[in-house]
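Source file query-v4.txt; content: compact mmCIF, C-alpha atoms.
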# COMPACT_ATOMS: atom_id res chain seq x y z
CA MET S 13 102.04 125.37 96.75
CA SER S 14 101.15 122.11 98.38
CA ASN S 15 98.79 119.76 96.60
CA LEU S 16 98.06 117.25 99.37
CA ASN S 17 96.71 119.49 102.09
CA ASN S 18 93.47 117.54 102.31
CA SER S 19 95.16 114.16 102.36
CA ASN S 20 95.55 111.88 105.35
CA ILE S 21 98.26 109.28 105.26
CA LEU S 22 98.78 106.41 107.68
CA ILE S 23 102.13 104.69 108.24
CA LEU S 24 102.14 101.29 110.01
CA ALA S 25 105.35 100.22 111.76
CA THR S 26 106.85 98.57 114.79
CA ASN S 27 110.41 98.02 116.07
CA GLY S 28 113.05 97.05 113.54
CA PHE S 29 111.82 99.27 110.69
CA GLN S 30 114.24 100.46 108.02
CA GLU S 31 114.99 104.01 109.14
CA ASP S 32 114.86 105.89 105.80
CA GLU S 33 111.81 103.94 104.67
CA LEU S 34 109.82 105.39 107.58
CA PHE S 35 111.28 108.88 107.96
CA GLU S 36 111.70 109.79 104.29
CA PRO S 37 108.05 109.23 103.22
CA MET S 38 106.94 110.89 106.47
CA SER S 39 109.01 114.01 105.66
CA PHE S 40 108.04 113.97 102.00
CA PHE S 41 104.29 113.93 102.64
CA LYS S 42 104.49 116.39 105.55
CA SER S 43 106.37 118.76 103.24
CA LYS S 44 103.36 118.52 100.89
CA ASP S 45 101.10 119.49 103.81
CA ALA S 46 99.49 116.06 104.04
CA ASP S 47 98.52 114.93 107.52
CA VAL S 48 100.73 111.92 108.33
CA LYS S 49 100.05 109.63 111.28
CA LEU S 50 102.07 106.68 112.56
CA ALA S 51 100.22 103.67 114.01
CA SER S 52 101.84 100.85 116.01
CA PRO S 53 100.72 97.97 118.23
CA SER S 54 101.00 100.33 121.25
CA LEU S 55 101.89 103.98 121.92
CA GLU S 56 105.39 103.06 123.14
CA GLU S 57 108.28 104.57 121.21
CA ILE S 58 109.54 102.33 118.39
CA SER S 59 113.09 102.24 117.05
CA ALA S 60 114.74 101.30 113.78
CA GLY S 61 116.74 98.55 115.38
CA GLU S 62 120.42 98.26 116.08
CA GLY S 63 122.72 100.68 117.88
CA ASP S 64 121.93 104.36 117.94
CA SER S 65 119.16 104.31 115.37
CA ARG S 66 116.32 106.82 115.43
CA SER S 67 113.18 106.29 117.48
CA ILE S 68 109.71 107.73 117.14
CA ARG S 69 106.54 107.78 119.23
CA PRO S 70 103.43 106.49 117.39
CA ASP S 71 100.37 108.74 117.13
CA LEU S 72 97.84 105.96 117.57
CA THR S 73 97.44 102.23 118.07
CA PHE S 74 96.10 99.87 115.42
CA GLU S 75 92.89 99.56 117.45
CA ASP S 76 92.34 103.32 117.26
CA VAL S 77 92.76 103.61 113.48
CA LYS S 78 89.61 104.51 111.54
CA VAL S 79 90.36 103.49 107.97
CA SER S 80 87.70 105.91 106.67
CA GLU S 81 89.82 108.85 107.87
CA PHE S 82 92.80 107.99 105.65
CA ASP S 83 93.51 108.23 101.93
CA ALA S 84 96.64 106.13 101.81
CA LEU S 85 98.67 103.58 103.74
CA ILE S 86 102.47 103.36 103.73
CA LEU S 87 104.35 100.25 104.89
CA PRO S 88 108.10 100.71 105.54
CA GLY S 89 110.38 97.69 105.41
CA GLY S 90 113.18 96.42 107.57
CA LEU S 91 113.37 92.76 108.49
CA ALA S 92 111.99 92.60 112.03
CA ASN S 93 109.25 95.21 111.46
CA PRO S 94 107.19 93.34 108.84
CA ASP S 95 108.15 89.97 110.37
CA THR S 96 106.44 91.11 113.60
CA LEU S 97 103.51 92.93 111.99
CA ARG S 98 102.52 90.01 109.80
CA GLN S 99 101.74 88.13 113.02
CA ASN S 100 99.52 90.98 114.26
CA GLU S 101 95.90 90.37 113.28
CA ASP S 102 94.91 94.01 113.79
CA ALA S 103 97.66 95.14 111.40
CA ILE S 104 96.65 92.62 108.73
CA THR S 105 92.95 93.52 109.08
CA LEU S 106 93.81 97.21 108.58
CA ILE S 107 95.94 96.51 105.52
CA ARG S 108 93.19 94.38 104.01
CA ALA S 109 90.66 97.18 104.65
CA PHE S 110 92.80 99.73 102.77
CA GLY S 111 92.95 97.16 99.99
CA THR S 112 89.23 96.42 99.72
CA GLU S 113 88.32 100.11 100.00
CA GLY S 114 90.44 101.00 96.97
CA LYS S 115 92.82 103.29 98.84
CA THR S 116 96.41 103.85 97.80
CA ILE S 117 98.89 101.47 99.48
CA GLY S 118 102.67 101.79 99.34
CA ALA S 119 104.94 98.93 100.50
CA ILE S 120 108.72 98.93 100.17
CA CYS S 121 111.57 96.43 100.67
CA HIS S 122 110.34 93.54 102.90
CA ALA S 123 106.94 95.19 103.54
CA PRO S 124 105.24 93.48 100.56
CA TRP S 125 105.22 90.43 102.90
CA LEU S 126 102.38 92.25 104.65
CA LEU S 127 100.46 92.53 101.39
CA ALA S 128 100.89 88.78 100.89
CA GLU S 129 99.73 88.16 104.46
CA ALA S 130 96.63 90.30 103.82
CA GLY S 131 95.93 88.31 100.63
CA ILE S 132 96.12 91.28 98.29
CA VAL S 133 98.94 90.46 95.87
CA GLU S 134 97.42 87.63 93.85
CA GLY S 135 97.31 88.46 90.15
CA ARG S 136 99.08 91.79 90.66
CA GLU S 137 102.41 93.16 89.47
CA ILE S 138 104.64 93.65 92.50
CA THR S 139 108.26 94.41 93.30
CA SER S 140 110.06 93.98 96.63
CA PHE S 141 113.48 93.41 98.15
CA PRO S 142 114.80 90.55 95.99
CA SER S 143 115.09 88.10 98.91
CA ILE S 144 111.30 87.76 99.13
CA LYS S 145 110.71 87.39 95.38
CA THR S 146 109.84 83.71 95.80
CA ASP S 147 107.34 84.48 98.57
CA MET S 148 105.67 87.07 96.33
CA LYS S 149 105.49 84.68 93.37
CA ASN S 150 104.16 81.90 95.59
CA ALA S 151 101.49 84.35 96.81
CA GLY S 152 100.38 84.74 93.20
CA ALA S 153 102.07 88.02 92.28
CA THR S 154 103.92 88.73 89.05
CA TRP S 155 107.27 89.89 90.44
CA VAL S 156 109.25 92.50 88.51
CA ASP S 157 112.60 94.16 89.18
CA LYS S 158 111.87 97.91 88.95
CA GLU S 159 112.41 100.88 91.26
CA VAL S 160 108.66 101.36 91.52
CA VAL S 161 105.70 99.33 90.36
CA CYS S 162 102.08 100.47 90.54
CA ASP S 163 99.20 98.08 90.00
CA ASN S 164 95.82 99.75 90.47
CA GLY S 165 96.94 101.90 93.40
CA ILE S 166 99.23 99.35 95.03
CA VAL S 167 102.71 100.88 94.88
CA THR S 168 105.80 98.75 95.63
CA SER S 169 109.54 99.40 95.62
CA ARG S 170 112.68 97.38 96.31
CA LYS S 171 114.96 99.30 98.69
CA PRO S 172 115.85 102.69 100.25
CA ASP S 173 117.45 103.92 96.99
CA ASP S 174 114.01 103.69 95.37
CA LEU S 175 112.38 106.06 97.91
CA PRO S 176 112.15 109.15 95.64
CA ALA S 177 110.31 107.16 92.94
CA PHE S 178 108.21 105.39 95.60
CA CYS S 179 107.05 108.65 97.23
CA ALA S 180 106.37 110.35 93.89
CA LYS S 181 104.22 107.44 92.69
CA ILE S 182 102.24 107.32 95.95
CA GLU S 183 101.60 111.07 95.63
CA GLU S 184 100.35 110.56 92.07
CA GLU S 185 98.03 107.75 93.17
CA ILE S 186 96.59 109.77 96.05
CA LEU S 187 95.81 112.60 93.64
CA GLU S 188 94.03 110.11 91.35
CA GLY S 189 91.69 109.19 94.19
CA ARG S 190 90.02 105.88 95.01
CA HIS S 191 90.82 102.83 92.93
CA ASP S 192 88.03 100.63 91.78
CA ARG S 193 89.25 97.17 92.55
CA ASN S 194 88.20 93.88 93.91
CA LEU S 195 91.38 92.99 95.71
CA LEU S 196 90.34 89.87 97.53
CA ARG S 197 89.76 87.72 94.49
CA ALA S 198 91.35 84.75 96.20
CA ALA S 199 89.57 85.18 99.55
CA MET D 28 129.15 55.44 123.71
CA SER D 29 128.69 57.62 120.70
CA ASN D 30 126.55 56.42 117.86
CA LEU D 31 127.32 58.99 115.17
CA ASN D 32 131.08 58.62 114.81
CA ASN D 33 130.81 57.87 111.10
CA SER D 34 128.45 60.72 110.41
CA ASN D 35 129.30 63.97 108.66
CA ILE D 36 127.07 66.94 109.20
CA LEU D 37 127.10 70.24 107.36
CA ILE D 38 125.73 73.49 108.79
CA LEU D 39 125.06 76.40 106.38
CA ALA D 40 125.01 79.91 107.81
CA THR D 41 126.03 83.51 107.30
CA ASN D 42 125.86 86.68 109.41
CA GLY D 43 122.73 87.25 111.45
CA PHE D 44 122.15 83.62 112.47
CA GLN D 45 120.22 82.82 115.65
CA GLU D 46 123.02 82.02 118.07
CA ASP D 47 121.59 78.96 119.86
CA GLU D 48 120.28 77.51 116.61
CA LEU D 49 123.83 77.29 115.27
CA PHE D 50 125.87 76.49 118.38
CA GLU D 51 123.48 74.06 120.09
CA PRO D 52 123.17 71.57 117.19
CA MET D 53 126.92 71.95 116.58
CA SER D 54 127.68 71.01 120.22
CA PHE D 55 125.06 68.27 120.28
CA PHE D 56 126.40 66.47 117.23
CA LYS D 57 130.06 66.99 118.17
CA SER D 58 129.27 65.43 121.57
CA LYS D 59 128.01 62.38 119.63
CA ASP D 60 131.36 62.25 117.80
CA ALA D 61 129.86 63.28 114.48
CA ASP D 62 132.09 65.38 112.27
CA VAL D 63 130.42 68.80 112.00
CA LYS D 64 131.48 71.39 109.43
CA LEU D 65 130.25 74.96 108.95
CA ALA D 66 130.00 76.35 105.40
CA SER D 67 129.47 80.02 104.52
CA PRO D 68 129.75 82.24 101.43
CA SER D 69 133.42 82.94 102.36
CA LEU D 70 135.87 81.90 105.07
CA GLU D 71 135.45 85.20 106.95
CA GLU D 72 134.21 84.94 110.51
CA ILE D 73 130.42 85.21 110.79
CA SER D 74 128.50 86.58 113.77
CA ALA D 75 125.05 86.11 115.22
CA GLY D 76 124.19 89.74 114.75
CA GLU D 77 123.69 92.50 117.25
CA GLY D 78 125.99 93.66 120.04
CA ASP D 79 128.36 91.20 121.67
CA SER D 80 127.01 88.06 120.06
CA ARG D 81 129.21 85.06 119.37
CA SER D 82 131.22 84.70 116.17
CA ILE D 83 132.63 81.65 114.42
CA ARG D 84 134.99 81.00 111.53
CA PRO D 85 133.54 78.74 108.77
CA ASP D 86 135.39 75.55 107.81
CA LEU D 87 134.65 75.83 104.11
CA THR D 88 132.92 77.91 101.47
CA PHE D 89 129.78 76.80 99.64
CA GLU D 90 131.89 76.27 96.52
CA ASP D 91 134.11 73.80 98.37
CA VAL D 92 131.30 71.64 99.72
CA LYS D 93 131.06 68.13 98.29
CA VAL D 94 127.53 67.00 99.07
CA SER D 95 128.59 63.34 98.74
CA GLU D 96 130.77 63.72 101.85
CA PHE D 97 127.86 64.62 104.14
CA ASP D 98 124.97 62.70 105.68
CA ALA D 99 122.90 65.62 106.87
CA LEU D 100 122.41 69.35 106.48
CA ILE D 101 121.39 71.72 109.28
CA LEU D 102 119.98 75.21 108.61
CA PRO D 103 119.89 77.57 111.62
CA GLY D 104 117.44 80.47 111.64
CA GLY D 105 117.72 84.12 112.53
CA LEU D 106 116.21 86.75 110.28
CA ALA D 107 119.16 88.15 108.32
CA ASN D 108 120.92 84.77 107.89
CA PRO D 109 118.25 82.98 105.78
CA ASP D 110 117.21 86.28 104.17
CA THR D 111 120.77 86.59 102.81
CA LEU D 112 121.29 82.91 101.99
CA ARG D 113 118.10 82.59 99.98
CA GLN D 114 119.65 85.07 97.54
CA ASN D 115 122.81 82.95 97.24
CA GLU D 116 122.54 80.54 94.31
CA ASP D 117 125.32 78.29 95.59
CA ALA D 118 123.51 77.87 98.92
CA ILE D 119 120.19 77.06 97.26
CA THR D 120 121.84 74.60 94.87
CA LEU D 121 123.46 72.80 97.84
CA ILE D 122 120.19 72.61 99.76
CA ARG D 123 118.40 71.23 96.72
CA ALA D 124 121.15 68.61 96.29
CA PHE D 125 120.74 67.37 99.88
CA GLY D 126 117.03 67.17 99.10
CA THR D 127 117.24 65.23 95.86
CA GLU D 128 119.86 62.85 97.30
CA GLY D 129 117.57 61.83 100.14
CA LYS D 130 119.81 63.14 102.91
CA THR D 131 118.50 64.34 106.25
CA ILE D 132 117.81 68.09 106.36
CA GLY D 133 117.01 70.07 109.50
CA ALA D 134 115.69 73.65 109.28
CA ILE D 135 114.55 75.72 112.26
CA CYS D 136 112.80 79.04 112.85
CA HIS D 137 113.08 81.22 109.68
CA ALA D 138 115.35 78.68 107.90
CA PRO D 139 112.43 76.82 106.25
CA TRP D 140 112.41 79.85 103.89
CA LEU D 141 115.51 78.23 102.39
CA LEU D 142 113.61 74.99 101.81
CA ALA D 143 110.89 76.98 100.02
CA GLU D 144 113.56 78.75 97.96
CA ALA D 145 115.04 75.36 96.99
CA GLY D 146 111.58 74.13 95.98
CA ILE D 147 111.48 71.23 98.44
CA VAL D 148 108.49 71.92 100.68
CA GLU D 149 105.60 71.34 98.29
CA GLY D 150 103.27 68.62 99.52
CA ARG D 151 105.24 68.18 102.76
CA GLU D 152 104.34 68.70 106.39
CA ILE D 153 106.45 71.58 107.72
CA THR D 154 106.67 73.79 110.79
CA SER D 155 108.58 77.08 111.16
CA PHE D 156 108.61 80.32 113.11
CA PRO D 157 104.94 81.37 112.90
CA SER D 158 105.67 84.60 111.00
CA ILE D 159 106.52 82.65 107.84
CA LYS D 160 103.55 80.27 108.02
CA THR D 161 101.87 82.01 105.05
CA ASP D 162 105.05 81.75 102.96
CA MET D 163 105.26 78.02 103.72
CA LYS D 164 101.60 77.44 102.83
CA ASN D 165 101.97 79.48 99.64
CA ALA D 166 104.99 77.29 98.77
CA GLY D 167 102.70 74.26 98.98
CA ALA D 168 103.53 72.95 102.45
CA THR D 169 101.05 71.75 105.02
CA TRP D 170 102.02 73.94 107.97
CA VAL D 171 101.63 72.55 111.48
CA ASP D 172 102.36 74.04 114.90
CA LYS D 173 104.57 71.44 116.63
CA GLU D 174 107.99 71.54 118.30
CA VAL D 175 109.34 69.21 115.65
CA VAL D 176 107.93 67.83 112.41
CA CYS D 177 109.59 65.18 110.27
CA ASP D 178 108.43 64.44 106.75
CA ASN D 179 110.58 61.83 105.03
CA GLY D 180 113.85 63.08 106.51
CA ILE D 181 113.04 66.79 106.39
CA VAL D 182 113.03 67.94 110.00
CA THR D 183 111.62 71.36 110.94
CA SER D 184 111.14 73.22 114.22
CA ARG D 185 109.73 76.61 115.27
CA LYS D 186 112.19 78.32 117.64
CA PRO D 187 115.19 77.96 119.97
CA ASP D 188 113.04 76.30 122.69
CA ASP D 189 112.46 73.43 120.28
CA LEU D 190 116.19 72.69 119.85
CA PRO D 191 116.34 69.53 122.03
CA ALA D 192 113.51 67.91 120.04
CA PHE D 193 114.99 69.20 116.76
CA CYS D 194 118.46 67.71 117.44
CA ALA D 195 117.05 64.39 118.70
CA LYS D 196 114.90 63.97 115.58
CA ILE D 197 117.80 64.81 113.23
CA GLU D 198 119.93 62.21 115.05
CA GLU D 199 117.17 59.62 114.59
CA GLU D 200 116.89 60.42 110.88
CA ILE D 201 120.65 60.20 110.32
CA LEU D 202 120.65 56.78 111.95
CA GLU D 203 117.83 55.69 109.62
CA GLY D 204 120.01 56.51 106.61
CA ARG D 205 119.07 57.79 103.18
CA HIS D 206 115.47 58.67 102.45
CA ASP D 207 113.91 57.50 99.26
CA ARG D 208 112.16 60.55 97.99
CA ASN D 209 111.45 62.54 94.92
CA LEU D 210 111.63 65.98 96.41
CA LEU D 211 111.38 68.12 93.35
CA ARG D 212 107.90 67.09 92.35
CA ALA D 213 107.05 70.64 91.37
CA ALA D 214 110.23 71.30 89.43

Full structure transcribed into structure tokens:
Amino acid sequence: MSNLNNSNILILATNGFQEDELFEPMSFFKSKDADVKLASPSLEEISAGEGDSRSIRPDLTFEDVKVSEFDALILPGGLANPDTLRQNEDAITLIRAFGTEGKTIGAICHAPWLLAEAGIVEGREITSFPSIKTDMKNAGATWVDKEVVCDNGIVTSRKPDDLPAFCAKIEEEILEGRHDRNLLRAA
Amino acid sequence: MSNLNNSNILILATNGFQEDELFEPMSFFKSKDADVKLASPSLEEISAGEGDSRSIRPDLTFEDVKVSEFDALILPGGLANPDTLRQNEDAITLIRAFGTEGKTIGAICHAPWLLAEAGIVEGREITSFPSIKTDMKNAGATWVDKEVVCDNGIVTSRKPDDLPAFCAKIEEEILEGRHDRNLLRAA
């Protein structure tokens, strides 16, 4: 039987996302009967990037997201996707809101950039794709090389191979409920 | 008449470079009779990325570079190119050597990531593609939004449109000669 049928999960992405890092968590949480929504800057179809990669139509725009309706936020990686989103004030405001409200956040690969942009990594244990290790350390995180790291409901992983551990840890954190945290210590 | 015919310029790049940011400085400095060499992780042809983008064969590998033979270093942007190079210890060691030896360094777009990786932006005025502004600030730089910024021989620009100003400022810095600096203040 499903154990997430009252859970609402939001995925944020735009063009240039890493394909598995969007579709695999989406399938995983839908298979658990969670309600999964994809938000983007607009309702135009977004694609994973080069060649004949998969596309998907977002369910809602960042402006239409009500944070109170969601239990968890998932941030897929890719290079262009987080590079674009970190310049989008609405995206960063949403991510920060999930942070301050103690909701579960999962970020994989290059997506921890978005956590740094939202100011919610300082003093926390974080992993990421190794190329952005220095950015994470400079943002005040303690960077570790593990398939999944969870620090008070903030779940991070390094790469597509880590997706099973990433999804399982996010599920566990959602079932734990809200996290009591004061994320914006540095703000 | 040319004014750079005794100058030796090194460009570092790998796959996924921004096309104009490699070829335009290369053409500019060759037209001034400078000797311009391209170094990469191996001697295999590298390409700008997607579709029918231009390719180029490197002149030498990072291991074969003798920093003493060059007057200036140029780092083109693109997303994948600096994301890959910042994980390459030989590349970072070379960049740091150009820094400590007071040689002119030019980095454009996402390439200032490499300066952060080499630990040579702290306390300096830097520009970059706006998406990495937070990474530059977290690395200790004072980030400014200008087509070209020069801080003691470290020349940075934001995007391909800035290339004319970027190349002109690098030329000026090469003609000034070595910069007396202690770049690794934080090391």

Handout entry: Selected residue, from D:Val94, D:Ile101, D:Val63, D:Ala166, that lies nearest to Thr127 (chain D) when counting only C-alpha atoms
Key =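 Among D:Val94, D:Ile101, D:Val63, D:Ala166, it is D:Val94 that comes nearest to Thr127 (chain D).
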
Report chain D as a tab-separated table (two decimals) with C-alpha atoms, in the coordinates of the input in the frame of chain S, after least-squares superposition over all C-alpha atoms paired in order.
chain	number	residue	atom	x	y	z
D	28	MET	CA	102.11	125.37	96.72
D	29	SER	CA	101.19	122.13	98.35
D	30	ASN	CA	98.78	119.81	96.63
D	31	LEU	CA	98.06	117.28	99.37
D	32	ASN	CA	96.69	119.50	102.13
D	33	ASN	CA	93.45	117.53	102.32
D	34	SER	CA	95.16	114.18	102.36
D	35	ASN	CA	95.54	111.89	105.35
D	36	ILE	CA	98.24	109.28	105.28
D	37	LEU	CA	98.78	106.42	107.69
D	38	ILE	CA	102.13	104.70	108.24
D	39	LEU	CA	102.15	101.30	110.01
D	40	ALA	CA	105.35	100.22	111.74
D	41	THR	CA	106.86	98.58	114.79
D	42	ASN	CA	110.41	98.02	116.07
D	43	GLY	CA	113.05	97.07	113.53
D	44	PHE	CA	111.81	99.29	110.69
D	45	GLN	CA	114.23	100.47	108.00
D	46	GLU	CA	114.97	104.01	109.13
D	47	ASP	CA	114.86	105.88	105.80
D	48	GLU	CA	111.80	103.95	104.66
D	49	LEU	CA	109.82	105.38	107.57
D	50	PHE	CA	111.26	108.88	107.96
D	51	GLU	CA	111.69	109.79	104.28
D	52	PRO	CA	108.05	109.22	103.22
D	53	MET	CA	106.94	110.88	106.47
D	54	SER	CA	109.01	114.01	105.66
D	55	PHE	CA	108.03	113.97	102.00
D	56	PHE	CA	104.30	113.92	102.65
D	57	LYS	CA	104.49	116.37	105.57
D	58	SER	CA	106.36	118.77	103.25
D	59	LYS	CA	103.35	118.51	100.91
D	60	ASP	CA	101.08	119.49	103.83
D	61	ALA	CA	99.49	116.06	104.04
D	62	ASP	CA	98.51	114.94	107.51
D	63	VAL	CA	100.73	111.93	108.33
D	64	LYS	CA	100.04	109.63	111.27
D	65	LEU	CA	102.07	106.69	112.56
D	66	ALA	CA	100.22	103.68	114.01
D	67	SER	CA	101.85	100.85	115.99
D	68	PRO	CA	100.72	97.98	118.23
D	69	SER	CA	101.00	100.34	121.26
D	70	LEU	CA	101.90	103.97	121.91
D	71	GLU	CA	105.41	103.06	123.13
D	72	GLU	CA	108.28	104.58	121.21
D	73	ILE	CA	109.54	102.35	118.39
D	74	SER	CA	113.09	102.24	117.05
D	75	ALA	CA	114.73	101.31	113.78
D	76	GLY	CA	116.73	98.56	115.39
D	77	GLU	CA	120.41	98.26	116.08
D	78	GLY	CA	122.71	100.66	117.91
D	79	ASP	CA	121.96	104.37	117.90
D	80	SER	CA	119.16	104.30	115.35
D	81	ARG	CA	116.34	106.82	115.41
D	82	SER	CA	113.20	106.31	117.47
D	83	ILE	CA	109.71	107.75	117.14
D	84	ARG	CA	106.55	107.78	119.23
D	85	PRO	CA	103.42	106.50	117.39
D	86	ASP	CA	100.35	108.75	117.13
D	87	LEU	CA	97.84	105.95	117.57
D	88	THR	CA	97.44	102.23	118.08
D	89	PHE	CA	96.10	99.87	115.42
D	90	GLU	CA	92.90	99.55	117.44
D	91	ASP	CA	92.34	103.31	117.25
D	92	VAL	CA	92.75	103.61	113.49
D	93	LYS	CA	89.62	104.51	111.54
D	94	VAL	CA	90.37	103.49	107.97
D	95	SER	CA	87.69	105.90	106.68
D	96	GLU	CA	89.81	108.84	107.88
D	97	PHE	CA	92.78	107.99	105.65
D	98	ASP	CA	93.50	108.22	101.93
D	99	ALA	CA	96.63	106.13	101.81
D	100	LEU	CA	98.66	103.59	103.75
D	101	ILE	CA	102.46	103.37	103.74
D	102	LEU	CA	104.34	100.25	104.88
D	103	PRO	CA	108.09	100.71	105.54
D	104	GLY	CA	110.39	97.70	105.37
D	105	GLY	CA	113.18	96.42	107.56
D	106	LEU	CA	113.36	92.77	108.48
D	107	ALA	CA	112.00	92.60	112.03
D	108	ASN	CA	109.25	95.21	111.47
D	109	PRO	CA	107.18	93.34	108.83
D	110	ASP	CA	108.14	89.98	110.36
D	111	THR	CA	106.45	91.11	113.60
D	112	LEU	CA	103.51	92.92	111.99
D	113	ARG	CA	102.52	90.00	109.80
D	114	GLN	CA	101.75	88.13	113.03
D	115	ASN	CA	99.53	90.98	114.27
D	116	GLU	CA	95.90	90.37	113.29
D	117	ASP	CA	94.91	94.00	113.80
D	118	ALA	CA	97.64	95.14	111.39
D	119	ILE	CA	96.65	92.61	108.73
D	120	THR	CA	92.97	93.50	109.08
D	121	LEU	CA	93.81	97.20	108.58
D	122	ILE	CA	95.93	96.50	105.51
D	123	ARG	CA	93.19	94.37	104.00
D	124	ALA	CA	90.66	97.17	104.65
D	125	PHE	CA	92.79	99.73	102.78
D	126	GLY	CA	92.93	97.17	99.98
D	127	THR	CA	89.23	96.41	99.73
D	128	GLU	CA	88.32	100.11	100.00
D	129	GLY	CA	90.43	101.00	96.98
D	130	LYS	CA	92.82	103.27	98.85
D	131	THR	CA	96.41	103.83	97.80
D	132	ILE	CA	98.89	101.46	99.48
D	133	GLY	CA	102.67	101.79	99.33
D	134	ALA	CA	104.93	98.94	100.50
D	135	ILE	CA	108.72	98.92	100.18
D	136	CYS	CA	111.55	96.43	100.67
D	137	HIS	CA	110.34	93.54	102.91
D	138	ALA	CA	106.93	95.20	103.55
D	139	PRO	CA	105.24	93.48	100.57
D	140	TRP	CA	105.22	90.43	102.90
D	141	LEU	CA	102.39	92.25	104.66
D	142	LEU	CA	100.46	92.53	101.40
D	143	ALA	CA	100.89	88.77	100.90
D	144	GLU	CA	99.73	88.17	104.48
D	145	ALA	CA	96.63	90.31	103.82
D	146	GLY	CA	95.92	88.31	100.65
D	147	ILE	CA	96.12	91.29	98.28
D	148	VAL	CA	98.95	90.47	95.88
D	149	GLU	CA	97.44	87.64	93.86
D	150	GLY	CA	97.31	88.46	90.16
D	151	ARG	CA	99.09	91.80	90.68
D	152	GLU	CA	102.40	93.14	89.47
D	153	ILE	CA	104.64	93.63	92.51
D	154	THR	CA	108.27	94.40	93.29
D	155	SER	CA	110.07	93.98	96.64
D	156	PHE	CA	113.49	93.41	98.15
D	157	PRO	CA	114.80	90.53	96.00
D	158	SER	CA	115.09	88.09	98.92
D	159	ILE	CA	111.30	87.77	99.13
D	160	LYS	CA	110.71	87.39	95.39
D	161	THR	CA	109.85	83.69	95.81
D	162	ASP	CA	107.34	84.47	98.58
D	163	MET	CA	105.66	87.06	96.34
D	164	LYS	CA	105.48	84.67	93.38
D	165	ASN	CA	104.15	81.89	95.61
D	166	ALA	CA	101.48	84.35	96.82
D	167	GLY	CA	100.37	84.75	93.21
D	168	ALA	CA	102.08	88.02	92.27
D	169	THR	CA	103.92	88.72	89.07
D	170	TRP	CA	107.27	89.87	90.45
D	171	VAL	CA	109.24	92.48	88.52
D	172	ASP	CA	112.59	94.15	89.19
D	173	LYS	CA	111.86	97.90	88.95
D	174	GLU	CA	112.41	100.87	91.26
D	175	VAL	CA	108.67	101.36	91.51
D	176	VAL	CA	105.69	99.33	90.34
D	177	CYS	CA	102.08	100.48	90.53
D	178	ASP	CA	99.20	98.09	89.99
D	179	ASN	CA	95.82	99.75	90.49
D	180	GLY	CA	96.95	101.90	93.41
D	181	ILE	CA	99.25	99.35	95.03
D	182	VAL	CA	102.71	100.87	94.88
D	183	THR	CA	105.79	98.74	95.62
D	184	SER	CA	109.54	99.41	95.61
D	185	ARG	CA	112.69	97.36	96.31
D	186	LYS	CA	114.96	99.31	98.68
D	187	PRO	CA	115.84	102.68	100.25
D	188	ASP	CA	117.45	103.92	96.98
D	189	ASP	CA	114.02	103.69	95.38
D	190	LEU	CA	112.39	106.05	97.90
D	191	PRO	CA	112.15	109.14	95.64
D	192	ALA	CA	110.32	107.15	92.95
D	193	PHE	CA	108.21	105.38	95.60
D	194	CYS	CA	107.04	108.65	97.23
D	195	ALA	CA	106.37	110.36	93.88
D	196	LYS	CA	104.22	107.45	92.68
D	197	ILE	CA	102.23	107.32	95.95
D	198	GLU	CA	101.60	111.07	95.63
D	199	GLU	CA	100.34	110.56	92.06
D	200	GLU	CA	98.03	107.75	93.17
D	201	ILE	CA	96.59	109.77	96.06
D	202	LEU	CA	95.82	112.59	93.65
D	203	GLU	CA	94.03	110.11	91.36
D	204	GLY	CA	91.69	109.17	94.21
D	205	ARG	CA	90.03	105.88	95.03
D	206	HIS	CA	90.82	102.83	92.95
D	207	ASP	CA	88.03	100.63	91.78
D	208	ARG	CA	89.27	97.19	92.54
D	209	ASN	CA	88.25	93.86	93.88
D	210	LEU	CA	91.40	93.00	95.73
D	211	LEU	CA	90.38	89.87	97.51
D	212	ARG	CA	89.80	87.77	94.45
D	213	ALA	CA	91.35	84.76	96.13
D	214	ALA	CA	89.51	85.14	99.41

Practice task
Select residues of chain D: the criterion is any atom within 9 Å of an atom of chain S, counting all atoms listed in the file; output as a VMD selection string.
Solution key: chain D and resid 77 to 78 106 to 107 110 to 114 140 143 to 144 157 to 159 161 to 167

Fill in the blank from the handout: With distances taken over all atoms listed in the file, the candidate from D:Leu87, D:Leu70, D:Ile197, D:Leu39 nearest Ile122 (chain D) is D:Leu39

List as a PDB file with C-alpha atoms, in the coordinates of the input: which residues have an atom within 7 Å of (103.1, 120.0, 100.2), counting only C-alpha atoms?
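Now in out02.pdb:
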ATOM      1  CA  MET S  13     102.040 125.370  96.750  1.00  0.00           C
ATOM      2  CA  SER S  14     101.150 122.110  98.380  1.00  0.00           C
ATOM      3  CA  ASN S  15      98.790 119.760  96.600  1.00  0.00           C
ATOM      4  CA  LEU S  16      98.060 117.250  99.370  1.00  0.00           C
ATOM      5  CA  ASN S  17      96.710 119.490 102.090  1.00  0.00           C
ATOM      6  CA  PHE S  41     104.290 113.930 102.640  1.00  0.00           C
ATOM      7  CA  LYS S  42     104.490 116.390 105.550  1.00  0.00           C
ATOM      8  CA  SER S  43     106.370 118.760 103.240  1.00  0.00           C
ATOM      9  CA  LYS S  44     103.360 118.520 100.890  1.00  0.00           C
ATOM     10  CA  ASP S  45     101.100 119.490 103.810  1.00  0.00           C
ATOM     11  CA  ALA S  46      99.490 116.060 104.040  1.00  0.00           C
TER      12      ALA S  46
END

Exercise for the section: Quote the spacing between CA of Ile135 (chain D) and CA of Glu72 (chain D) in Å to one decimal place. Expected result: 21.8 Å

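For Ser54 (chain S), the set of protein, DNA and RNA residues having any atom at most 12 Å away, when counting all atoms listed in the file and skipping those fewer than 5 positions along the same chain, is Leu24, Ala25, Thr26, Asn27, Arg69, Pro70, Asp71, Leu72, Thr73, Phe74, Glu75, Asp76, Val77, Asn100, Asp102 and Ala103 of chain S.
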